[in-house]
Structure formats: C-alpha cells, structure tokens
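Undergrad: Data file upload_6.cif (mmCIF, C-alpha atoms) is appended below.
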data_work
#
loop_
_atom_site.group_PDB
_atom_site.id
_atom_site.type_symbol
_atom_site.label_atom_id
_atom_site.label_comp_id
_atom_site.auth_asym_id
_atom_site.auth_seq_id
_atom_site.Cartn_x
_atom_site.Cartn_y
_atom_site.Cartn_z
ATOM 1 C CA GLN G 1 145.840 132.261 154.093
ATOM 2 C CA VAL G 2 142.547 130.869 152.832
ATOM 3 C CA GLN G 3 141.409 127.297 153.335
ATOM 4 C CA LEU G 4 138.878 125.821 150.924
ATOM 5 C CA VAL G 5 136.744 122.713 151.373
ATOM 6 C CA GLU G 6 134.506 121.375 148.623
ATOM 7 C CA SER G 7 131.423 119.262 149.215
ATOM 8 C CA GLY G 8 128.388 117.978 147.361
ATOM 9 C CA GLY G 9 129.969 115.578 144.934
ATOM 10 C CA GLY G 10 128.619 112.111 144.318
ATOM 11 C CA LEU G 11 127.160 109.649 141.848
ATOM 12 C CA VAL G 12 124.322 110.826 139.617
ATOM 13 C CA GLN G 13 122.633 109.533 136.480
ATOM 14 C CA ALA G 14 123.012 111.342 133.205
ATOM 15 C CA GLY G 15 120.503 114.153 132.995
ATOM 16 C CA GLY G 16 120.497 114.631 136.740
ATOM 17 C CA SER G 17 121.705 117.489 138.917
ATOM 18 C CA LEU G 18 124.198 118.131 141.681
ATOM 19 C CA ARG G 19 125.106 121.199 143.675
ATOM 20 C CA LEU G 20 128.701 121.627 144.753
ATOM 21 C CA SER G 21 129.655 123.960 147.539
ATOM 22 C CA CYS G 22 133.017 125.466 148.479
ATOM 23 C CA ALA G 23 133.427 126.750 152.025
ATOM 24 C CA ALA G 24 136.224 129.216 152.704
ATOM 25 C CA SER G 25 137.871 130.153 155.954
ATOM 26 C CA GLY G 26 140.835 132.167 157.112
ATOM 27 C CA ARG G 27 140.508 135.498 155.335
ATOM 28 C CA THR G 28 137.891 137.987 154.208
ATOM 29 C CA PHE G 29 136.274 136.005 151.458
ATOM 30 C CA SER G 30 134.591 138.932 149.797
ATOM 31 C CA SER G 31 137.912 140.201 148.462
ATOM 32 C CA TYR G 32 138.587 137.002 146.509
ATOM 33 C CA ALA G 33 137.632 136.114 142.963
ATOM 34 C CA ALA G 34 136.661 132.443 142.704
ATOM 35 C CA GLY G 35 136.517 129.672 140.180
ATOM 36 C CA TRP G 36 135.678 126.015 139.676
ATOM 37 C CA PHE G 37 137.901 123.654 137.742
ATOM 38 C CA ARG G 38 137.701 119.943 137.042
ATOM 39 C CA GLN G 39 140.069 117.137 136.208
ATOM 40 C CA ALA G 40 139.127 113.828 134.657
ATOM 41 C CA PRO G 41 141.526 110.849 134.756
ATOM 42 C CA GLY G 42 144.320 111.320 132.250
ATOM 43 C CA ASN G 43 143.307 114.877 131.486
ATOM 44 C CA GLU G 44 144.608 118.291 132.421
ATOM 45 C CA ARG G 45 142.743 120.322 135.000
ATOM 46 C CA GLU G 46 140.326 122.493 133.065
ATOM 47 C CA PHE G 47 138.358 125.630 133.732
ATOM 48 C CA VAL G 48 134.631 125.304 134.425
ATOM 49 C CA ALA G 49 133.304 128.594 135.805
ATOM 50 C CA ALA G 50 134.476 131.819 137.423
ATOM 51 C CA ILE G 51 132.885 134.589 139.456
ATOM 52 C CA SER G 52 134.107 138.021 140.500
ATOM 53 C CA TRP G 53 134.391 138.898 144.183
ATOM 54 C CA SER G 54 131.210 140.941 143.923
ATOM 55 C CA GLY G 55 129.320 138.141 142.231
ATOM 56 C CA GLY G 56 128.407 140.581 139.502
ATOM 57 C CA VAL G 57 130.398 138.897 136.749
ATOM 58 C CA LYS G 58 130.277 135.208 135.873
ATOM 59 C CA PHE G 59 131.995 133.320 133.100
ATOM 60 C CA TYR G 60 131.638 129.729 131.929
ATOM 61 C CA ALA G 61 133.441 127.228 129.795
ATOM 62 C CA GLU G 62 131.559 126.553 126.571
ATOM 63 C CA SER G 63 131.064 122.917 127.545
ATOM 64 C CA VAL G 64 128.974 123.828 130.597
ATOM 65 C CA LYS G 65 127.324 127.048 129.510
ATOM 66 C CA GLY G 66 123.558 126.889 129.988
ATOM 67 C CA ARG G 67 123.815 123.845 132.266
ATOM 68 C CA PHE G 68 125.987 125.031 135.179
ATOM 69 C CA THR G 69 125.531 128.108 137.363
ATOM 70 C CA ILE G 70 128.147 129.585 139.687
ATOM 71 C CA SER G 71 127.093 131.709 142.628
ATOM 72 C CA ARG G 72 128.508 132.992 145.886
ATOM 73 C CA ASP G 73 127.390 134.176 149.284
ATOM 74 C CA ASN G 74 130.071 136.381 150.805
ATOM 75 C CA ALA G 75 128.247 136.537 154.121
ATOM 76 C CA LYS G 76 128.501 132.751 154.382
ATOM 77 C CA ASN G 77 131.939 132.481 152.732
ATOM 78 C CA THR G 78 130.689 130.027 150.133
ATOM 79 C CA VAL G 79 130.863 129.563 146.380
ATOM 80 C CA ASP G 80 128.449 127.106 144.817
ATOM 81 C CA LEU G 81 128.227 125.353 141.470
ATOM 82 C CA GLN G 82 124.778 124.185 140.432
ATOM 83 C CA MET G 83 125.132 121.494 137.784
ATOM 84 C CA ASN G 84 122.095 120.497 135.746
ATOM 85 C CA SER G 85 121.628 118.172 132.774
ATOM 86 C CA LEU G 86 124.779 116.326 133.728
ATOM 87 C CA GLN G 87 126.528 114.354 131.001
ATOM 88 C CA LEU G 88 128.923 111.419 131.125
ATOM 89 C CA ASP G 89 131.868 113.642 130.260
ATOM 90 C CA ASP G 90 131.172 115.852 133.278
ATOM 91 C CA THR G 91 132.678 113.054 135.366
ATOM 92 C CA ALA G 92 135.735 114.480 137.130
ATOM 93 C CA VAL G 93 137.153 115.725 140.380
ATOM 94 C CA TYR G 94 135.910 119.277 140.851
ATOM 95 C CA TYR G 95 138.103 121.858 142.518
ATOM 96 C CA CYS G 96 137.336 125.236 143.987
ATOM 97 C CA ALA G 97 139.967 127.967 143.730
ATOM 98 C CA VAL G 98 140.282 131.599 144.797
ATOM 99 C CA ARG G 99 142.663 134.513 144.430
ATOM 100 C CA ALA G 100 142.782 137.904 146.088
ATOM 101 C CA ASP G 101 141.262 140.491 143.813
ATOM 102 C CA TYR G 102 140.022 144.042 144.272
ATOM 103 C CA SER G 103 138.605 144.498 140.809
ATOM 104 C CA PHE G 104 134.822 144.674 140.912
ATOM 105 C CA TYR G 105 134.562 142.896 137.564
ATOM 106 C CA GLY G 106 137.575 140.602 137.743
ATOM 107 C CA TYR G 107 137.291 136.934 136.859
ATOM 108 C CA TYR G 108 139.950 134.420 135.924
ATOM 109 C CA THR G 109 139.987 131.316 133.765
ATOM 110 C CA GLU G 110 143.567 130.033 134.000
ATOM 111 C CA LYS G 111 144.834 127.631 136.663
ATOM 112 C CA GLY G 112 147.873 129.817 137.209
ATOM 113 C CA ASP G 113 145.693 132.791 138.108
ATOM 114 C CA TYR G 114 144.657 131.130 141.361
ATOM 115 C CA ASN G 115 146.816 130.587 144.407
ATOM 116 C CA HIS G 116 144.437 128.857 146.806
ATOM 117 C CA TRP G 117 142.870 125.482 146.027
ATOM 118 C CA GLY G 118 140.638 122.986 147.721
ATOM 119 C CA LYS G 119 141.304 119.250 147.659
ATOM 120 C CA GLY G 120 138.421 118.507 145.337
ATOM 121 C CA THR G 121 135.188 116.532 145.314
ATOM 122 C CA GLN G 122 134.403 113.627 142.980
ATOM 123 C CA VAL G 123 131.492 113.857 140.578
ATOM 124 C CA THR G 124 130.577 110.693 138.709
ATOM 125 C CA VAL G 125 127.869 110.661 136.062
ATOM 126 C CA SER G 126 126.522 107.264 135.055
ATOM 127 C CA SER G 127 124.456 106.181 132.083
#
Output the structure of this file as structure tokens.

TA:
Amino acid sequence: QVQLVESGGGLVQAGGSLRLSCAASGRTFSSYAAGWFRQAPGNEREFVAAISWSGGVKFYAESVKGRFTISRDNAKNTVDLQMNSLQLDDTAVYYCAVRADYSFYGYYTEKGDYNHWGKGTQVTVSS
C-alpha cells in the first residue's frame, strides 16, 4: 500500500506561482507512475499532468501546457507540480495519484488508471 500526502497549496494572485509536492510512503516509489488531477467546485476531477516512473516521459493537459511542470525525485519519494502564470480557473483542489507500473515510458491520464490517491491540497487563485 502507498500513502500519499500533498502539500504546497494556498492562496496566490493571478500570474503568480506555486509548487505542490506529493510525498509517498509505504512502497518502492520508483515503480509507480504518477499524476496530478484537480477538481473545482461543481466540476469533475480532471487530469492535469502525468509522469512515468522513470521521469523520462511527461504529459500535460492542454490547459496547463507551458505553465505547469511535473517532476519527481524517486530517491526522496516525491512528485512535484510547479505551477506558473496561474489563472483564476486554476482554482481547485489538487490531488496526487499513483499506480504501479513497470513500463519505462508509461503515463496515464484517466482517473480510473490510478488506484492510490492523496487527500488533496487547495489552490486558490485570486484576481
């Protein structure tokens, strides 16, 4: 079993930056593909970014491409999401998720692909 804890959320003005971090414990993190999702009030949980277990492949939702960067440090069991040029519609609860994966290039963009989730961290962007 893997436990995930997100941190780094908060209140930021539009145009600002935040860095979210997801700390994993319980299993060998390096064998897990990871992703970030977000959910705004009244909306479905949506995909934001994904990264393969090796860190060699990254994939982003169109809405965040060029502004957000996903990264991981398998030695520290962390997955980070650097968010720049934040916009009002980036306001949401952000969730980290992982799934066991032994494919060097594997990444996943669907909620159902992941079986371990954190409890989320709130990001609020103000004007």

Undergrad: Quick one: residues within 9 Å of range 15-32 of chain G, only C-alpha atoms counted, chain neighbours fewer than 6 positions away excluded, as an MDAnalysis selection string?

TA: chainID G and resid 1:9 52:54 73:87 94:103 118 121 123 125 127

Undergrad: Which residue is closest to Ser71 in chain G? Choose from G:Gly10, G:Gly106, G:Gly35, G:Pro41 and count only C-alpha atoms.

TA: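 Once distances to Ser71 in chain G are computed over only C-alpha atoms, the minimum belongs to G:Gly35.
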
Undergrad: Can you work out the spacing between CA of Gly120 in chain G and CA of Trp36 in chain G in Å, to one decimal?

TA: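 The value is 9.8 Å.
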
Undergrad: Hey, can you check how far CA of Val48 in chain G sits from CA of Tyr60 in chain G?

TA: 5.9 Å

Undergrad: What gap, in Å, lies between CA of Gly112 in chain G and CA of Val93 in chain G?

TA: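 It comes out at 18.0 Å.
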
Undergrad: Name the residues captured by the PyMOL selection byres ((chain G and resi 45) around 10) when it is applied to the shown file; answer as a CSV table (one decimal) with C-alpha atoms, keeping the file's coordinate frame.

TA:
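Printed below is part-v1.csv as written:
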chain,number,residue,atom,x,y,z
G,37,PHE,CA,137.9,123.7,137.7
G,38,ARG,CA,137.7,119.9,137.0
G,39,GLN,CA,140.1,117.1,136.2
G,40,ALA,CA,139.1,113.8,134.7
G,41,PRO,CA,141.5,110.8,134.8
G,42,GLY,CA,144.3,111.3,132.2
G,43,ASN,CA,143.3,114.9,131.5
G,44,GLU,CA,144.6,118.3,132.4
G,46,GLU,CA,140.3,122.5,133.1
G,47,PHE,CA,138.4,125.6,133.7
G,48,VAL,CA,134.6,125.3,134.4
G,92,ALA,CA,135.7,114.5,137.1
G,93,VAL,CA,137.2,115.7,140.4
G,94,TYR,CA,135.9,119.3,140.9
G,95,TYR,CA,138.1,121.9,142.5
G,110,GLU,CA,143.6,130.0,134.0
G,111,LYS,CA,144.8,127.6,136.7

Undergrad: Here's the selection I'm unsure about, the PyMOL selection byres ((chain G and resi 107) around 8); applied to the file above, which residues does it give, as a list in words?

TA: Ala33, Ala34, Ala50, Ile51, Ser52, Val57, Lys58, Phe59, Tyr105, Gly106, Tyr108 and Thr109 of chain G

Undergrad: Determine the nearest neighbour of Arg72 in chain G from the options G:Asp89, G:Ser126, G:Ala49, G:His116, counting all atoms listed in the file.

TA: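 Result for the nearest residue to Arg72 in chain G: G:Ala49.
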
Undergrad: Take range 71-105 of chain G, model N, CA and C atoms, and hand the result over as a JSON list (two decimals), in the frame of the given file.

TA:
[["chain", "number", "residue", "atom", "x", "y", "z"],
["G", 71, "SER", "N", 127.63, 130.66, 141.78],
["G", 71, "SER", "CA", 127.09, 131.71, 142.63],
["G", 71, "SER", "C", 127.94, 131.79, 143.90],
["G", 72, "ARG", "N", 127.76, 132.86, 144.64],
["G", 72, "ARG", "CA", 128.51, 132.99, 145.89],
["G", 72, "ARG", "C", 127.69, 133.74, 146.92],
["G", 73, "ASP", "N", 128.01, 133.47, 148.17],
["G", 73, "ASP", "CA", 127.39, 134.18, 149.28],
["G", 73, "ASP", "C", 128.54, 134.64, 150.18],
["G", 74, "ASN", "N", 128.92, 135.88, 150.06],
["G", 74, "ASN", "CA", 130.07, 136.38, 150.80],
["G", 74, "ASN", "C", 129.81, 136.43, 152.31],
["G", 75, "ALA", "N", 128.57, 136.54, 152.69],
["G", 75, "ALA", "CA", 128.25, 136.54, 154.12],
["G", 75, "ALA", "C", 128.49, 135.16, 154.73],
["G", 76, "LYS", "N", 128.31, 134.12, 153.92],
["G", 76, "LYS", "CA", 128.50, 132.75, 154.38],
["G", 76, "LYS", "C", 129.85, 132.17, 153.96],
["G", 77, "ASN", "N", 130.62, 132.94, 153.21],
["G", 77, "ASN", "CA", 131.94, 132.48, 152.73],
["G", 77, "ASN", "C", 131.82, 131.21, 151.89],
["G", 78, "THR", "N", 130.87, 131.20, 150.98],
["G", 78, "THR", "CA", 130.69, 130.03, 150.13],
["G", 78, "THR", "C", 130.60, 130.41, 148.66],
["G", 79, "VAL", "N", 131.04, 129.49, 147.83],
["G", 79, "VAL", "CA", 130.86, 129.56, 146.38],
["G", 79, "VAL", "C", 130.25, 128.25, 145.93],
["G", 80, "ASP", "N", 129.16, 128.31, 145.23],
["G", 80, "ASP", "CA", 128.45, 127.11, 144.82],
["G", 80, "ASP", "C", 128.51, 126.92, 143.30],
["G", 81, "LEU", "N", 128.33, 125.69, 142.89],
["G", 81, "LEU", "CA", 128.23, 125.35, 141.47],
["G", 81, "LEU", "C", 127.03, 124.44, 141.30],
["G", 82, "GLN", "N", 125.97, 124.98, 140.73],
["G", 82, "GLN", "CA", 124.78, 124.18, 140.43],
["G", 82, "GLN", "C", 124.97, 123.55, 139.07],
["G", 83, "MET", "N", 124.89, 122.22, 139.02],
["G", 83, "MET", "CA", 125.13, 121.49, 137.78],
["G", 83, "MET", "C", 123.87, 120.75, 137.38],
["G", 84, "ASN", "N", 123.30, 121.13, 136.27],
["G", 84, "ASN", "CA", 122.10, 120.50, 135.75],
["G", 84, "ASN", "C", 122.39, 119.78, 134.44],
["G", 85, "SER", "N", 121.49, 118.91, 134.04],
["G", 85, "SER", "CA", 121.63, 118.17, 132.77],
["G", 85, "SER", "C", 123.02, 117.55, 132.66],
["G", 86, "LEU", "N", 123.42, 116.88, 133.71],
["G", 86, "LEU", "CA", 124.78, 116.33, 133.73],
["G", 86, "LEU", "C", 124.96, 115.27, 132.64],
["G", 87, "GLN", "N", 126.17, 115.27, 132.07],
["G", 87, "GLN", "CA", 126.53, 114.35, 131.00],
["G", 87, "GLN", "C", 127.68, 113.47, 131.46],
["G", 88, "LEU", "N", 127.86, 112.36, 130.74],
["G", 88, "LEU", "CA", 128.92, 111.42, 131.12],
["G", 88, "LEU", "C", 130.28, 112.11, 131.19],
["G", 89, "ASP", "N", 130.54, 113.01, 130.27],
["G", 89, "ASP", "CA", 131.87, 113.64, 130.26],
["G", 89, "ASP", "C", 132.00, 114.77, 131.26],
["G", 90, "ASP", "N", 131.01, 114.95, 132.13],
["G", 90, "ASP", "CA", 131.17, 115.85, 133.28],
["G", 90, "ASP", "C", 131.84, 115.13, 134.45],
["G", 91, "THR", "N", 132.03, 113.83, 134.32],
["G", 91, "THR", "CA", 132.68, 113.05, 135.37],
["G", 91, "THR", "C", 134.11, 113.55, 135.58],
["G", 92, "ALA", "N", 134.41, 113.93, 136.81],
["G", 92, "ALA", "CA", 135.74, 114.48, 137.13],
["G", 92, "ALA", "C", 135.80, 114.78, 138.61],
["G", 93, "VAL", "N", 137.00, 115.11, 139.07],
["G", 93, "VAL", "CA", 137.15, 115.72, 140.38],
["G", 93, "VAL", "C", 137.01, 117.22, 140.18],
["G", 94, "TYR", "N", 136.17, 117.85, 140.97],
["G", 94, "TYR", "CA", 135.91, 119.28, 140.85],
["G", 94, "TYR", "C", 136.62, 120.02, 141.98],
["G", 95, "TYR", "N", 137.31, 121.07, 141.58],
["G", 95, "TYR", "CA", 138.10, 121.86, 142.52],
["G", 95, "TYR", "C", 137.62, 123.30, 142.57],
["G", 96, "CYS", "N", 137.60, 123.83, 143.77],
["G", 96, "CYS", "CA", 137.34, 125.24, 143.99],
["G", 96, "CYS", "C", 138.68, 125.96, 144.13],
["G", 97, "ALA", "N", 138.74, 127.17, 143.62],
["G", 97, "ALA", "CA", 139.97, 127.97, 143.73],
["G", 97, "ALA", "C", 139.62, 129.44, 143.91],
["G", 98, "VAL", "N", 140.49, 130.17, 144.61],
["G", 98, "VAL", "CA", 140.28, 131.60, 144.80],
["G", 98, "VAL", "C", 141.61, 132.34, 144.68],
["G", 99, "ARG", "N", 141.50, 133.64, 144.44],
["G", 99, "ARG", "CA", 142.66, 134.51, 144.43],
["G", 99, "ARG", "C", 142.22, 135.88, 144.93],
["G", 100, "ALA", "N", 143.10, 136.56, 145.63],
["G", 100, "ALA", "CA", 142.78, 137.90, 146.09],
["G", 100, "ALA", "C", 142.58, 138.81, 144.88],
["G", 101, "ASP", "N", 141.56, 139.63, 144.96],
["G", 101, "ASP", "CA", 141.26, 140.49, 143.81],
["G", 101, "ASP", "C", 140.40, 141.65, 144.28],
["G", 102, "TYR", "N", 140.77, 142.86, 143.86],
["G", 102, "TYR", "CA", 140.02, 144.04, 144.27],
["G", 102, "TYR", "C", 139.32, 144.71, 143.10],
["G", 103, "SER", "N", 139.31, 143.99, 141.97],
["G", 103, "SER", "CA", 138.60, 144.50, 140.81],
["G", 103, "SER", "C", 137.16, 144.06, 140.87],
["G", 104, "PHE", "N", 136.25, 144.99, 140.79],
["G", 104, "PHE", "CA", 134.82, 144.67, 140.91],
["G", 104, "PHE", "C", 134.38, 143.67, 139.86],
["G", 105, "TYR", "N", 135.00, 143.74, 138.68],
["G", 105, "TYR", "CA", 134.56, 142.90, 137.56],
["G", 105, "TYR", "C", 135.54, 141.76, 137.24]]
